[in-house]
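Pasting protein-v4.cif here (mmCIF, C-alpha atoms and all ligand atoms):
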data_query
loop_
_atom_site.label_atom_id
_atom_site.label_comp_id
_atom_site.auth_asym_id
_atom_site.auth_seq_id
_atom_site.Cartn_x
_atom_site.Cartn_y
_atom_site.Cartn_z
CA MET A 1 -65.48 -43.25 -35.23
CA ARG A 2 -63.31 -41.19 -37.60
CA SER A 3 -62.50 -43.05 -40.77
CA GLY A 4 -59.39 -41.11 -41.87
CA PRO A 5 -56.10 -41.56 -40.04
CA LEU A 6 -55.52 -39.45 -36.96
CA LEU A 7 -51.80 -39.57 -37.65
CA ARG A 8 -49.89 -40.14 -40.87
CA ALA A 9 -46.11 -40.36 -41.27
CA GLU A 10 -45.50 -39.87 -44.97
CA GLY A 11 -42.37 -40.81 -46.89
CA VAL A 12 -40.16 -40.24 -43.87
CA VAL A 13 -36.40 -40.17 -44.51
CA LYS A 14 -33.84 -40.14 -41.70
CA LYS A 15 -30.08 -40.41 -42.13
CA PHE A 16 -27.39 -40.88 -39.52
CA GLY A 17 -24.21 -39.85 -41.31
CA GLY A 18 -23.89 -42.25 -44.23
CA LEU A 19 -26.54 -44.64 -42.89
CA THR A 20 -30.13 -44.31 -44.11
CA ALA A 21 -32.25 -45.47 -41.15
CA LEU A 22 -35.56 -44.43 -42.77
CA ASP A 23 -35.91 -44.50 -46.52
CA GLY A 24 -39.37 -43.17 -47.29
CA ALA A 25 -41.46 -44.93 -44.65
CA THR A 26 -45.22 -44.30 -44.65
CA VAL A 27 -47.58 -45.43 -41.88
CA GLU A 28 -51.04 -44.37 -40.74
CA VAL A 29 -52.67 -44.72 -37.35
CA LYS A 30 -56.44 -44.52 -36.92
CA ALA A 31 -58.38 -43.71 -33.76
CA GLY A 32 -59.85 -46.87 -32.28
CA PHE A 33 -57.27 -49.09 -33.99
CA PHE A 34 -54.39 -51.15 -32.63
CA THR A 35 -51.69 -50.88 -35.29
CA LEU A 36 -48.56 -52.98 -35.17
CA LEU A 37 -45.12 -51.90 -36.35
CA ALA A 38 -42.98 -54.97 -36.93
CA GLY A 39 -39.67 -55.72 -38.61
CA PRO A 40 -36.23 -57.12 -37.81
CA ASN A 41 -33.59 -55.38 -35.70
CA GLY A 42 -32.33 -52.19 -37.28
CA SER A 43 -35.22 -51.85 -39.74
CA GLY A 44 -36.03 -48.34 -38.44
CA LYS A 45 -39.00 -48.87 -36.09
CA THR A 46 -37.66 -46.89 -33.12
CA THR A 47 -36.32 -44.17 -35.40
CA LEU A 48 -39.80 -43.78 -36.90
CA ILE A 49 -41.37 -43.43 -33.43
CA ASN A 50 -38.73 -40.81 -32.57
CA VAL A 51 -39.49 -38.82 -35.70
CA ILE A 52 -43.24 -38.95 -34.97
CA THR A 53 -42.76 -37.61 -31.41
CA GLY A 54 -40.32 -34.96 -32.64
CA LEU A 55 -37.34 -36.29 -30.70
CA LEU A 56 -35.54 -36.63 -34.05
CA THR A 57 -35.89 -34.29 -37.01
CA ALA A 58 -36.62 -36.01 -40.32
CA ASP A 59 -34.48 -35.33 -43.39
CA GLY A 60 -37.49 -35.80 -45.65
CA GLY A 61 -41.20 -36.56 -45.65
CA ARG A 62 -43.79 -35.17 -43.26
CA ILE A 63 -45.92 -35.93 -40.23
CA LEU A 64 -49.64 -35.14 -40.45
CA TYR A 65 -51.96 -34.99 -37.46
CA GLU A 66 -55.66 -34.63 -38.26
CA GLY A 67 -54.46 -33.62 -41.70
CA ARG A 68 -52.33 -30.78 -40.31
CA ASP A 69 -48.59 -30.74 -41.04
CA ILE A 70 -46.79 -30.98 -37.67
CA THR A 71 -43.37 -31.90 -39.09
CA LYS A 72 -41.78 -28.78 -37.61
CA LEU A 73 -43.51 -28.77 -34.19
CA PRO A 74 -41.28 -29.35 -31.15
CA PRO A 75 -41.96 -32.46 -29.00
CA HIS A 76 -43.82 -30.62 -26.20
CA GLU A 77 -46.30 -29.15 -28.66
CA ARG A 78 -46.95 -32.57 -30.15
CA ARG A 79 -47.59 -33.81 -26.60
CA ARG A 80 -50.07 -31.03 -26.10
CA LEU A 81 -51.93 -32.27 -29.17
CA GLY A 82 -52.21 -35.69 -27.48
CA ILE A 83 -49.29 -37.58 -29.06
CA PHE A 84 -47.69 -39.61 -26.26
CA ARG A 85 -45.13 -42.37 -25.98
CA THR A 86 -43.99 -44.71 -23.25
CA PHE A 87 -40.45 -45.50 -22.27
CA GLN A 88 -38.92 -48.89 -21.52
CA THR A 89 -38.85 -48.17 -17.77
CA PRO A 90 -42.16 -46.92 -16.37
CA ARG A 91 -41.89 -43.60 -14.52
CA LEU A 92 -44.02 -44.07 -11.41
CA ALA A 93 -44.20 -42.69 -7.87
CA GLN A 94 -43.34 -45.90 -6.01
CA ARG A 95 -44.80 -44.91 -2.62
CA LEU A 96 -48.05 -43.45 -3.89
CA THR A 97 -50.97 -45.82 -4.34
CA VAL A 98 -51.81 -47.22 -7.73
CA LEU A 99 -54.91 -44.99 -7.88
CA ASP A 100 -53.00 -41.85 -6.88
CA ASN A 101 -50.42 -42.49 -9.59
CA VAL A 102 -53.24 -42.33 -12.11
CA VAL A 103 -54.76 -39.25 -10.43
CA VAL A 104 -51.39 -37.51 -10.81
CA GLY A 105 -51.47 -38.41 -14.50
CA ALA A 106 -54.86 -36.72 -14.84
CA LEU A 107 -53.67 -33.64 -12.95
CA GLU A 108 -50.68 -33.27 -15.25
CA ARG A 109 -53.10 -32.95 -18.11
CA GLU A 110 -54.94 -30.15 -16.31
CA ARG A 111 -51.85 -28.35 -15.05
CA PRO A 112 -52.85 -24.91 -16.35
CA ALA A 113 -56.26 -25.23 -14.71
CA LEU A 114 -55.60 -27.26 -11.56
CA GLY A 115 -58.05 -25.18 -9.56
CA ARG A 116 -60.94 -26.61 -11.50
CA TRP A 117 -60.56 -29.87 -9.59
CA TYR A 118 -61.01 -28.33 -6.09
CA GLY A 119 -64.00 -30.01 -4.51
CA ARG A 120 -64.19 -32.53 -7.36
CA GLU A 121 -61.67 -35.06 -6.07
CA ARG A 122 -64.27 -37.80 -6.26
CA GLU A 123 -64.80 -37.19 -9.96
CA LEU A 124 -61.07 -37.29 -10.55
CA GLU A 125 -60.77 -40.59 -8.69
CA ASP A 126 -63.64 -42.03 -10.71
CA LEU A 127 -61.83 -41.11 -13.91
CA ALA A 128 -58.64 -42.75 -12.61
CA PHE A 129 -60.56 -45.83 -11.47
CA ARG A 130 -62.14 -46.27 -14.91
CA ALA A 131 -58.67 -46.18 -16.49
CA LEU A 132 -57.46 -48.82 -14.01
CA LYS A 133 -60.44 -51.00 -14.94
CA LEU A 134 -59.50 -50.82 -18.63
CA VAL A 135 -56.13 -52.42 -17.84
CA ASN A 136 -57.50 -54.76 -15.16
CA LEU A 137 -55.66 -53.17 -12.26
CA ASP A 138 -58.67 -51.83 -10.35
CA HIS A 139 -58.35 -54.55 -7.68
CA MET A 140 -54.90 -53.13 -6.80
CA TRP A 141 -56.05 -49.51 -6.47
CA ASP A 142 -54.98 -48.97 -2.84
CA ARG A 143 -51.57 -50.68 -3.00
CA PRO A 144 -48.31 -48.74 -3.25
CA ALA A 145 -47.14 -48.73 -6.88
CA GLY A 146 -43.77 -50.07 -5.72
CA GLU A 147 -45.43 -53.39 -4.84
CA LEU A 148 -46.54 -54.09 -8.42
CA SER A 149 -44.83 -56.64 -10.64
CA GLY A 150 -42.91 -55.38 -13.69
CA GLY A 151 -45.81 -56.26 -15.99
CA GLN A 152 -48.35 -54.51 -13.72
CA MET A 153 -46.18 -51.38 -13.66
CA LYS A 154 -46.40 -51.28 -17.44
CA LEU A 155 -50.18 -51.52 -17.20
CA LEU A 156 -50.23 -48.71 -14.62
CA GLU A 157 -48.20 -46.53 -16.94
CA LEU A 158 -50.78 -47.19 -19.66
CA ALA A 159 -53.61 -46.19 -17.29
CA ARG A 160 -51.76 -42.92 -16.65
CA LEU A 161 -51.48 -42.31 -20.37
CA ILE A 162 -55.21 -42.89 -20.79
CA VAL A 163 -56.15 -40.20 -18.26
CA SER A 164 -53.50 -37.79 -19.42
CA GLY A 165 -55.48 -37.24 -22.59
CA ALA A 166 -53.43 -39.32 -25.04
CA ARG A 167 -55.11 -39.51 -28.43
CA VAL A 168 -52.15 -41.21 -30.11
CA MET A 169 -50.07 -43.69 -28.09
CA LEU A 170 -46.72 -44.83 -29.44
CA LEU A 171 -45.41 -47.83 -27.54
CA ASP A 172 -41.91 -49.10 -28.23
CA GLU A 173 -41.79 -52.82 -27.41
CA PRO A 174 -44.13 -52.66 -24.40
CA ALA A 175 -43.96 -56.47 -24.15
CA ALA A 176 -40.16 -56.63 -24.12
CA GLY A 177 -39.03 -59.06 -21.45
CA LEU A 178 -42.50 -60.58 -21.01
CA ASN A 179 -43.03 -64.26 -21.77
CA PRO A 180 -45.55 -65.03 -24.55
CA ALA A 181 -48.45 -65.59 -22.11
CA LEU A 182 -47.93 -62.25 -20.33
CA ALA A 183 -47.28 -60.49 -23.63
CA LYS A 184 -50.65 -61.73 -24.91
CA GLU A 185 -52.29 -60.52 -21.71
CA LEU A 186 -50.78 -57.08 -22.32
CA PHE A 187 -51.89 -57.06 -25.97
CA LYS A 188 -55.43 -57.85 -24.83
CA HIS A 189 -55.39 -54.71 -22.67
CA LEU A 190 -53.89 -52.71 -25.51
CA LYS A 191 -56.77 -53.81 -27.70
CA ASN A 192 -59.22 -52.49 -25.06
CA ILE A 193 -57.38 -49.20 -24.88
CA ALA A 194 -57.48 -48.80 -28.65
CA SER A 195 -61.19 -49.67 -28.65
CA SER A 196 -61.77 -46.82 -26.23
CA GLY A 197 -60.87 -44.49 -29.12
CA VAL A 198 -57.10 -44.14 -28.90
CA ALA A 199 -54.89 -44.44 -31.99
CA LEU A 200 -52.35 -47.01 -30.91
CA LEU A 201 -49.04 -47.78 -32.67
CA VAL A 202 -47.09 -50.60 -31.07
CA VAL A 203 -43.58 -51.77 -31.95
CA GLU A 204 -43.31 -55.54 -31.57
CA HIS A 205 -41.16 -57.84 -33.62
CA ARG A 206 -42.85 -61.06 -32.43
CA LEU A 207 -45.62 -61.02 -35.01
CA ASP A 208 -46.78 -64.51 -34.05
CA ILE A 209 -47.92 -63.53 -30.56
CA ALA A 210 -49.44 -60.16 -31.56
CA VAL A 211 -51.34 -61.39 -34.58
CA ASP A 212 -54.65 -62.06 -32.81
CA TYR A 213 -54.84 -58.68 -31.09
CA ALA A 214 -53.81 -56.02 -33.60
CA ASP A 215 -56.13 -54.59 -36.26
CA TYR A 216 -53.48 -53.74 -38.82
CA ALA A 217 -49.75 -54.35 -39.28
CA TYR A 218 -46.81 -52.73 -41.03
CA PHE A 219 -43.64 -54.69 -41.63
CA MET A 220 -40.45 -52.67 -42.09
CA HIS A 221 -37.16 -53.63 -43.69
CA GLU A 222 -34.18 -51.37 -44.30
CA GLY A 223 -36.09 -48.19 -43.49
CA LYS A 224 -39.14 -48.91 -45.64
CA VAL A 225 -42.56 -50.49 -45.15
CA VAL A 226 -42.29 -53.57 -47.37
CA VAL A 227 -45.51 -55.39 -46.41
CA GLU A 228 -48.74 -54.17 -44.80
CA GLY A 229 -52.23 -55.50 -44.22
CA SER A 230 -54.09 -57.55 -41.64
CA PRO A 231 -51.64 -58.94 -39.07
CA ARG A 232 -52.40 -62.47 -40.27
CA GLU A 233 -51.70 -61.56 -43.93
CA VAL A 234 -48.42 -59.89 -42.96
CA PHE A 235 -47.41 -62.78 -40.72
CA GLU A 236 -48.08 -65.29 -43.48
CA ASN A 237 -46.41 -63.26 -46.23
CA PRO A 238 -43.46 -65.25 -47.66
CA LEU A 239 -41.29 -62.11 -47.91
CA VAL A 240 -41.63 -61.57 -44.16
CA ALA A 241 -40.42 -65.10 -43.36
CA GLN A 242 -37.61 -64.68 -45.86
CA ILE A 243 -36.44 -61.41 -44.27
CA TYR A 244 -36.55 -62.86 -40.75
CA LEU A 245 -34.66 -65.98 -41.85
CA GLY A 246 -32.18 -63.88 -43.79
CA GLY A 247 -31.62 -61.68 -40.74
N1 LIG B 301 -28.69 -42.13 -32.99
C1 LIG B 301 -28.24 -42.94 -33.96
N2 LIG B 301 -27.05 -42.74 -34.52
C2 LIG B 301 -26.61 -43.54 -35.52
N3 LIG B 301 -27.29 -44.58 -36.00
C3 LIG B 301 -28.49 -44.85 -35.46
C4 LIG B 301 -29.04 -44.05 -34.41
N4 LIG B 301 -30.26 -44.55 -34.09
C5 LIG B 301 -30.46 -45.61 -34.89
N5 LIG B 301 -29.41 -45.80 -35.72
C6 LIG B 301 -29.31 -46.83 -36.77
O1 LIG B 301 -30.45 -46.73 -37.59
C7 LIG B 301 -30.92 -48.03 -37.98
C8 LIG B 301 -32.37 -48.20 -37.53
O2 LIG B 301 -32.40 -48.33 -36.09
P1 LIG B 301 -33.72 -48.45 -35.24
O3 LIG B 301 -33.32 -48.44 -33.81
O4 LIG B 301 -34.70 -47.46 -35.68
O5 LIG B 301 -34.21 -49.91 -35.67
P2 LIG B 301 -35.31 -50.80 -34.97
O6 LIG B 301 -36.11 -51.39 -36.08
O7 LIG B 301 -36.02 -50.05 -33.91
O8 LIG B 301 -34.42 -51.95 -34.34
P3 LIG B 301 -34.58 -52.75 -32.94
O9 LIG B 301 -35.66 -53.75 -33.16
O10 LIG B 301 -33.24 -53.38 -32.78
O11 LIG B 301 -34.89 -51.73 -31.88
C9 LIG B 301 -29.95 -49.01 -37.37
O12 LIG B 301 -29.00 -49.35 -38.33
C10 LIG B 301 -29.33 -48.24 -36.22
O13 LIG B 301 -28.03 -48.72 -35.94
#

Taking this structure as input, can you express it in the form of structure tokens?
Amino acid sequence: MRSGPLLRAEGVVKKFGGLTALDGATVEVKAGFFTLLAGPNGSGKTTLINVITGLLTADGGRILYEGRDITKLPPHERRRLGIFRTFQTPRLAQRLTVLDNVVVGALERERPALGRWYGRERELEDLAFRALKLVNLDHMWDRPAGELSGGQMKLLELARLIVSGARVMLLDEPAAGLNPALAKELFKHLKNIASSGVALLVVEHRLDIAVDYADYAYFMHEGKVVVEGSPREVFENPLVAQIYLGG
């Protein structure tokens, strides 16, 4: 496993008019690690994800990927490097089977060289099936995606990301709307995905339920990282409690 970070956002500044949403935020994401990005509402978490994907242009700081400065790359080129994000609502083909939804994800990755899969459909399905196994959806492989529960659709979207060659996954509140038990179930799968070698950065403000699954945590406040360390250390830091209570 690589020891340096795959991705580093360094001293990122982002202003919206007179409001400073990011005020020199620095985070690192390592391959094989599940990294948590926590903080109260409005602390800049989503803005940071948007700057990392290139959806927003930073006013200061830089984004490094494998040590290379990608601050000026447009979003589609960052995607090509393997930097992916999910959206609140999964984008799935409802009438295709669960397995075929993942196969389509794999084909998207190979778009310039689709022909190379002719006669190798079996191999492609095996790849898709392995991704389904990672998120515990393999038993549903032949069901239409439209029949899945909301939580299962999120898992299917993650399986698609796995086969589409994501090396960095940025997930903005993937457990939003899930009760604590289901959220923990999701975090368990996220831990497996990270262990498979992906650099995973997950926005979640409920530190208490994520603490046992993540490897590292950043806590943001007013556009800065104010506490970082093991999730347990961050969770138990008095400043963190104070900020949440104050908010
Ligand atoms: N497009 C925008 N235009 C103006 N202000 C914005 C914009 N996007 C975010 N902001 C402001 O920037 C600050 C940081 O917002 P951001 O959404 O990044 O916080 P967050 O930590 O993700 O919060 P939440 O947990 O509520 O999603 C907030 O004050 C927000 O109102």

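Atom CA of A:Phe219 lies 20.5 Å from atom CA of A:Leu64.
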
Inset, instruction - Let me have all residues with an atom within 6 Å of ligand LIG 301 (chain B), counting all atoms listed in the file, laid out as a PyMOL selection string. - result: chain A and resi 16+21+40-47

Inset, instruction - Would you kindly return, as number ranges by chain, each protein, DNA or RNA residue with an atom no farther than 12 Å from any atom of A:Ala128, considering only C-alpha atoms and excluding same-chain residues fewer than 3 positions away? - result: A: 97-107, 121-125, 131-135, 137-138, 141, 156-165

Inset, instruction - Excluding stretch 70-74 of chain A and any residue of its chain fewer than 2 positions from it, enumerate the residues within 12 Å of it, using only C-alpha atoms, and give them as JSON, numbers by chain. - result: {"A": [7, 8, 9, 10, 11, 12, 50, 51, 52, 53, 54, 55, 56, 57, 58, 59, 60, 61, 62, 63, 64, 65, 66, 67, 68, 76, 77, 78, 79, 80, 81, 83]}

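In this structure, atom CA of A:Tyr216 sits 27.1 Å away from atom CA of A:Lys15.
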
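Proximity ranking of A:Pro75, A:Gly197, A:Gly246, A:Gly151 relative to A:Ala175 places A:Gly151 first, based on all atoms listed in the file.
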
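Residues in contact with A:Gln94 at 8 Å, where all atoms listed in the file are counted and same-chain residues fewer than 5 positions away are skipped, are listed as Pro144, Ala145, Gly146 and Glu147 of chain A.
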
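Counting only C-alpha atoms and comparing A:Ala194, A:Val27, A:Leu182, A:Leu37, the residue that lies closest to A:Phe235 is A:Leu37.
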
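Between atom CA of A:Thr20 and atom CA of A:Ala38 the interatomic distance comes to 18.2 Å.
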
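Closest to A:Arg130 among A:Ala217, A:Leu96, A:Val240, A:Ile193 is A:Ile193, based on only C-alpha atoms.
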
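Proximity to A:Pro231 was assessed for A:Leu190, A:Lys184, A:Ala199, A:Leu36 counting all atoms listed in the file; the smallest distance is recorded for A:Leu36.
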
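Considering only C-alpha atoms, the residue among A:Gly32, A:Gly18, A:Gly24, A:Gly223 positioned nearest to A:Pro5 is A:Gly32.
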
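Among the candidate residues A:Asn179, A:Val13, A:Leu201, A:Lys224, the one lying nearest to A:Glu28 is A:Leu201, with distances computed using all atoms listed in the file.
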
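The protein and nucleic acid residues lying at most 7 Å from A:Asp215 are Phe33, Phe34, Thr35, Ser230 and Pro231 of chain A, with only C-alpha atoms considered and sequence neighbours fewer than 3 positions away removed.
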
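Residues in contact range of A:Val168, defined as at most 7 Å between all atoms listed in the file, with sequence neighbours fewer than 2 positions away removed, read A:Gly82, A:Ile83, A:Phe84, A:Ala166, A:Leu170, A:Val198, A:Ala199, A:Leu200.
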